[in-house]
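See structure below.
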Amino acid sequence: MLKTELLFIAVFGVVFVIGQSFIDVDDDDTRIVGGEAVVNRSYFPFQVSVRNASRNRHFCGGTIIAERVVLCAAHCFTNRDTSPGAIAVVAGDLYIFEETNDTVVRYNKNVIVHEQYNRTSNENDISLIIF
Ligand SMILES: *[C@@H]1O[C@H](CO)[C@@H](O)[C@H](O)[C@H]1NC(C)=O
Ligand SMILES: *[C@@H]1O[C@H](CO)[C@@H](O)[C@H](O)[C@H]1NC(C)=O
Ligand SMILES: *[C@@H]1O[C@H](CO)[C@@H](O)[C@H](O)[C@H]1NC(C)=O
Ligand SMILES: *[C@@H]1O[C@H](CO)[C@@H](O)[C@H](O)[C@H]1NC(C)=O
């Protein structure tokens, strides 16, 4: 488990640093929630929208960290159906409600929520979507 956690930190750290270099951040508190408008989706090709597959309804963001793996938060899956095909991962778009020829949709095979995720303290608020 420790190895996996270190991988999370390493990958997320790199992705975060890359992302930061494309936007003008002047307030640390808005880096994850809030944020700023992205003018060109090629700056953040790893960003995905995580959705309820049956309703195409966005509920969380995610980060592509490997060919078939998206990094997400654990709290996104509290009381949620994570059976295969229930979750859609949508990539390639700049606007959440606008599909284009570049839209790519994949469906989950599995969702792995950190086994020590604590809903009260929010510790280990991390999950992986395998598709
Ligand atoms: C987005 O950025 C890519 C890579 O830098 C560039 O090729 C493309 O022309 C840009 N698109 C727009 C709409 O600015
Ligand atoms: C999607 O929405 C439907 C209708 O509200 C709900 O029954 C289902 O559990 C939801 N699935 C997910 C993965 O959120
Ligand atoms: C999307 O793909 C269709 C079919 O290949 C094509 O006719 C259309 O011009 C494309 N739209 C854009 C905006 O590239
Ligand atoms: C979860 O966090 C709360 C609040 O910090 C703490 O009281 C509780 O013991 C934690 N639960 C576990 C299983 O660690």
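Simple scheme: letters A, B, ... for chains in structure tokens order, numbers from 1 for residues in each chain, numbers from 1 for ligands in the order shown.
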
Handout entry: Surroundings of ligand 3 up to 10 Å, based on only C-alpha atoms and all ligand atoms, as a ChimeraX atom specification
Key = /A:100-102

Can you spit out the residues from that selection as a PDB file, in the first residue's frame, using all heavy atoms?
```pdb
ATOM      1  N   THR A 100     -17.801  17.380 -28.559  1.00  0.00           N
ATOM      2  CA  THR A 100     -17.221  17.678 -29.869  1.00  0.00           C
ATOM      3  C   THR A 100     -16.712  16.381 -30.485  1.00  0.00           C
ATOM      4  O   THR A 100     -16.835  15.304 -29.875  1.00  0.00           O
ATOM      5  CB  THR A 100     -16.031  18.653 -29.738  1.00  0.00           C
ATOM      6  OG1 THR A 100     -14.973  17.953 -29.071  1.00  0.00           O
ATOM      7  CG2 THR A 100     -16.407  19.888 -28.945  1.00  0.00           C
ATOM      8  N   ASN A 101     -16.111  16.497 -31.656  1.00  0.00           N
ATOM      9  CA  ASN A 101     -15.515  15.314 -32.272  1.00  0.00           C
ATOM     10  C   ASN A 101     -14.334  14.799 -31.452  1.00  0.00           C
ATOM     11  O   ASN A 101     -13.884  13.684 -31.661  1.00  0.00           O
ATOM     12  CB  ASN A 101     -15.032  15.642 -33.695  1.00  0.00           C
ATOM     13  CG  ASN A 101     -16.202  15.764 -34.662  1.00  0.00           C
ATOM     14  OD1 ASN A 101     -17.346  15.445 -34.323  1.00  0.00           O
ATOM     15  ND2 ASN A 101     -15.917  16.219 -35.868  1.00  0.00           N
ATOM     16  N   ASP A 102     -13.825  15.627 -30.561  1.00  0.00           N
ATOM     17  CA  ASP A 102     -12.687  15.215 -29.738  1.00  0.00           C
ATOM     18  C   ASP A 102     -13.104  14.567 -28.429  1.00  0.00           C
ATOM     19  O   ASP A 102     -12.260  14.108 -27.665  1.00  0.00           O
ATOM     20  CB  ASP A 102     -11.810  16.437 -29.423  1.00  0.00           C
ATOM     21  CG  ASP A 102     -11.231  17.051 -30.685  1.00  0.00           C
ATOM     22  OD1 ASP A 102     -10.827  16.282 -31.576  1.00  0.00           O
ATOM     23  OD2 ASP A 102     -11.205  18.289 -30.777  1.00  0.00           O
TER      24      ASP A 102
END
```

Listing only residues of chain A within 9 Å of ligand 2, what is the closest atom pair and its distance in Å (to one decimal) for each, using only C-alpha atoms and all ligand atoms, sorted by chain and residue number ascending, as a tab-separated table?
```
residue	atom	partner	partner_atom_place_in_ligand_line	distance
A:Arg51	CA	ligand 2	14 (O)	7.2
A:Asn52	CA	ligand 2	14 (O)	4.4
A:Ala53	CA	ligand 2	13 (C)	6.4
A:Ser54	CA	ligand 2	1 (C)	5.7
A:Arg55	CA	ligand 2	2 (O)	5.9
A:Asn56	CA	ligand 2	1 (C)	8.4
A:Arg57	CA	ligand 2	1 (C)	7.7
A:Phe59	CA	ligand 2	14 (O)	8.1
A:Phe77	CA	ligand 2	14 (O)	8.2
A:Asn79	CA	ligand 2	14 (O)	8.5
A:Arg80	CA	ligand 2	14 (O)	5.3
A:Asp81	CA	ligand 2	13 (C)	4.4
A:Thr82	CA	ligand 2	13 (C)	5.8
A:Ser83	CA	ligand 2	13 (C)	7.8
A:Gly85	CA	ligand 2	13 (C)	8.4
A:Ala86	CA	ligand 2	13 (C)	4.6
A:Ile87	CA	ligand 2	13 (C)	5.2
A:Ala88	CA	ligand 2	13 (C)	8.3
```

Restricted to N, CA and C atoms, what would the selected residues look like written as a compact mmCIF listing (two decimals), in the first residue's frame?
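Saved file selection-v7.txt follows:
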```txt
# COMPACT_ATOMS: atom_id res chain seq x y z
N ARG A 51 -18.60 11.13 -14.47
CA ARG A 51 -20.06 11.28 -14.57
C ARG A 51 -20.84 10.02 -14.22
N ASN A 52 -22.07 10.26 -13.87
CA ASN A 52 -23.05 9.18 -13.76
C ASN A 52 -23.35 8.74 -15.19
N ALA A 53 -22.99 7.52 -15.54
CA ALA A 53 -23.06 7.08 -16.93
C ALA A 53 -24.49 7.06 -17.46
N SER A 54 -25.44 6.73 -16.61
CA SER A 54 -26.80 6.60 -17.12
C SER A 54 -27.46 7.95 -17.36
N ARG A 55 -26.96 9.01 -16.69
CA ARG A 55 -27.57 10.34 -16.86
C ARG A 55 -26.62 11.33 -17.50
N ASN A 56 -25.38 10.91 -17.77
CA ASN A 56 -24.33 11.79 -18.29
C ASN A 56 -24.16 13.01 -17.39
N ARG A 57 -24.29 12.80 -16.11
CA ARG A 57 -24.26 13.92 -15.17
C ARG A 57 -22.92 13.99 -14.43
N PHE A 59 -20.16 14.70 -11.76
CA PHE A 59 -20.14 14.85 -10.31
C PHE A 59 -18.76 15.11 -9.73
N PHE A 77 -17.24 8.90 -4.33
CA PHE A 77 -17.90 7.60 -4.46
C PHE A 77 -18.65 7.17 -3.21
N ASN A 79 -21.61 6.45 -1.13
CA ASN A 79 -23.01 6.11 -1.46
C ASN A 79 -23.28 6.13 -2.97
N ARG A 80 -22.30 5.75 -3.75
CA ARG A 80 -22.51 5.77 -5.20
C ARG A 80 -22.32 4.37 -5.79
N ASP A 81 -23.10 4.07 -6.79
CA ASP A 81 -22.98 2.80 -7.51
C ASP A 81 -21.67 2.79 -8.29
N THR A 82 -20.77 1.86 -7.95
CA THR A 82 -19.50 1.79 -8.66
C THR A 82 -19.38 0.50 -9.46
N SER A 83 -20.52 -0.12 -9.74
CA SER A 83 -20.46 -1.36 -10.51
C SER A 83 -19.97 -1.05 -11.93
N GLY A 85 -19.39 -0.05 -15.53
CA GLY A 85 -20.24 0.67 -16.48
C GLY A 85 -21.08 1.77 -15.86
N ALA A 86 -21.10 1.88 -14.54
CA ALA A 86 -21.94 2.90 -13.89
C ALA A 86 -21.33 4.30 -13.96
N ILE A 87 -20.00 4.34 -14.10
CA ILE A 87 -19.29 5.62 -14.10
C ILE A 87 -18.72 5.89 -15.49
N ALA A 88 -18.95 7.09 -16.00
CA ALA A 88 -18.34 7.50 -17.27
C ALA A 88 -17.22 8.48 -17.01
```

Practice task
Tell me, in Å to one decimal, how far atom CA of Asn108 of chain A is from atom CA of Ser49 of chain A.
Solution key: 12.8 Å

Exercise for the section: Find the spatial neighbours of segment 65-69 of chain A, counting only C-alpha atoms, within a cut-off of 7 Å - ignore same-chain residues fewer than 3 positions away - and output them as an MDAnalysis selection string. Expected result: chainID A and resid 11 128:131

Residues within 9 Å of ligand 1, counting only C-alpha atoms and all ligand atoms: report them as a JSON list (two decimals) with all heavy atoms, in the first residue's frame.
```json
[["chain", "number", "residue", "atom", "x", "y", "z"],
["A", 39, "VAL", "N", -8.20, 28.24, -21.26],
["A", 39, "VAL", "CA", -8.46, 28.76, -22.60],
["A", 39, "VAL", "C", -8.21, 27.73, -23.70],
["A", 39, "VAL", "O", -8.73, 27.84, -24.80],
["A", 39, "VAL", "CB", -7.65, 30.04, -22.90],
["A", 39, "VAL", "CG1", -8.12, 31.16, -21.98],
["A", 39, "VAL", "CG2", -6.17, 29.79, -22.73],
["A", 40, "ASN", "N", -7.40, 26.74, -23.39],
["A", 40, "ASN", "CA", -7.03, 25.77, -24.43],
["A", 40, "ASN", "C", -6.93, 24.39, -23.80],
["A", 40, "ASN", "O", -6.10, 24.16, -22.92],
["A", 40, "ASN", "CB", -5.69, 26.21, -25.05],
["A", 40, "ASN", "CG", -5.29, 25.35, -26.22],
["A", 40, "ASN", "OD1", -5.56, 24.15, -26.26],
["A", 40, "ASN", "ND2", -4.62, 25.97, -27.19],
["A", 41, "ARG", "N", -7.77, 23.49, -24.25],
["A", 41, "ARG", "CA", -7.83, 22.19, -23.59],
["A", 41, "ARG", "C", -6.53, 21.40, -23.72],
["A", 41, "ARG", "O", -6.28, 20.48, -22.95],
["A", 41, "ARG", "CB", -9.01, 21.38, -24.12],
["A", 41, "ARG", "CG", -8.83, 20.89, -25.51],
["A", 41, "ARG", "CD", -10.08, 20.26, -26.06],
["A", 41, "ARG", "NE", -9.93, 20.05, -27.48],
["A", 41, "ARG", "CZ", -9.22, 19.05, -27.99],
["A", 41, "ARG", "NH1", -8.64, 18.17, -27.21],
["A", 41, "ARG", "NH2", -9.09, 18.95, -29.29],
["A", 42, "SER", "N", -5.69, 21.77, -24.67],
["A", 42, "SER", "CA", -4.43, 21.04, -24.82],
["A", 42, "SER", "C", -3.47, 21.33, -23.66],
["A", 42, "SER", "O", -2.48, 20.64, -23.48],
["A", 42, "SER", "CB", -3.77, 21.35, -26.16],
["A", 42, "SER", "OG", -3.27, 22.65, -26.16],
["A", 43, "TYR", "N", -3.78, 22.36, -22.84],
["A", 43, "TYR", "CA", -2.96, 22.61, -21.66],
["A", 43, "TYR", "C", -3.23, 21.58, -20.56],
["A", 43, "TYR", "O", -2.40, 21.37, -19.70],
["A", 43, "TYR", "CB", -3.25, 24.00, -21.07],
["A", 43, "TYR", "CG", -2.86, 25.16, -21.95],
["A", 43, "TYR", "CD1", -3.37, 26.43, -21.68],
["A", 43, "TYR", "CD2", -1.99, 25.02, -23.03],
["A", 43, "TYR", "CE1", -3.02, 27.52, -22.47],
["A", 43, "TYR", "CE2", -1.66, 26.09, -23.82],
["A", 43, "TYR", "CZ", -2.17, 27.34, -23.55],
["A", 43, "TYR", "OH", -1.84, 28.41, -24.32]]
```

Tell me, counting only C-alpha atoms and all ligand atoms, for each residue of chain A within 8 Å of ligand 4, which pair of atoms is nearest and how far apart they are in Å to one decimal, in rows ordered by chain and increasing number, as JSON lines.
```
{"residue": "A:Gln116", "atom": "CA", "partner": "ligand 4", "partner_atom_place_in_ligand_line": "13 (C)", "distance": 7.3}
{"residue": "A:Asn118", "atom": "CA", "partner": "ligand 4", "partner_atom_place_in_ligand_line": "1 (C)", "distance": 4.9}
{"residue": "A:Arg119", "atom": "CA", "partner": "ligand 4", "partner_atom_place_in_ligand_line": "1 (C)", "distance": 6.7}
{"residue": "A:Thr120", "atom": "CA", "partner": "ligand 4", "partner_atom_place_in_ligand_line": "2 (O)", "distance": 4.8}
{"residue": "A:Ser121", "atom": "CA", "partner": "ligand 4", "partner_atom_place_in_ligand_line": "2 (O)", "distance": 4.3}
{"residue": "A:Asn122", "atom": "CA", "partner": "ligand 4", "partner_atom_place_in_ligand_line": "2 (O)", "distance": 7.3}
{"residue": "A:Glu123", "atom": "CA", "partner": "ligand 4", "partner_atom_place_in_ligand_line": "2 (O)", "distance": 7.3}
```

Practice task
Using atom CA of Ile112 of chain A and atom CA of Val38 of chain A as the two end points, give the distance in Å to one decimal.
Solution key: 29.0 Å

Problem - Neighbour list for Cys60 of chain A as a PyMOL selection string, cut-off 9 Å, only C-alpha atoms, skip fewer than 3 positions in-chain - result: chain A and resi 48-51+72-73+76

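One finds atom CA of Gly35 of chain A at 18.5 Å from atom CA of Ile64 of chain A.
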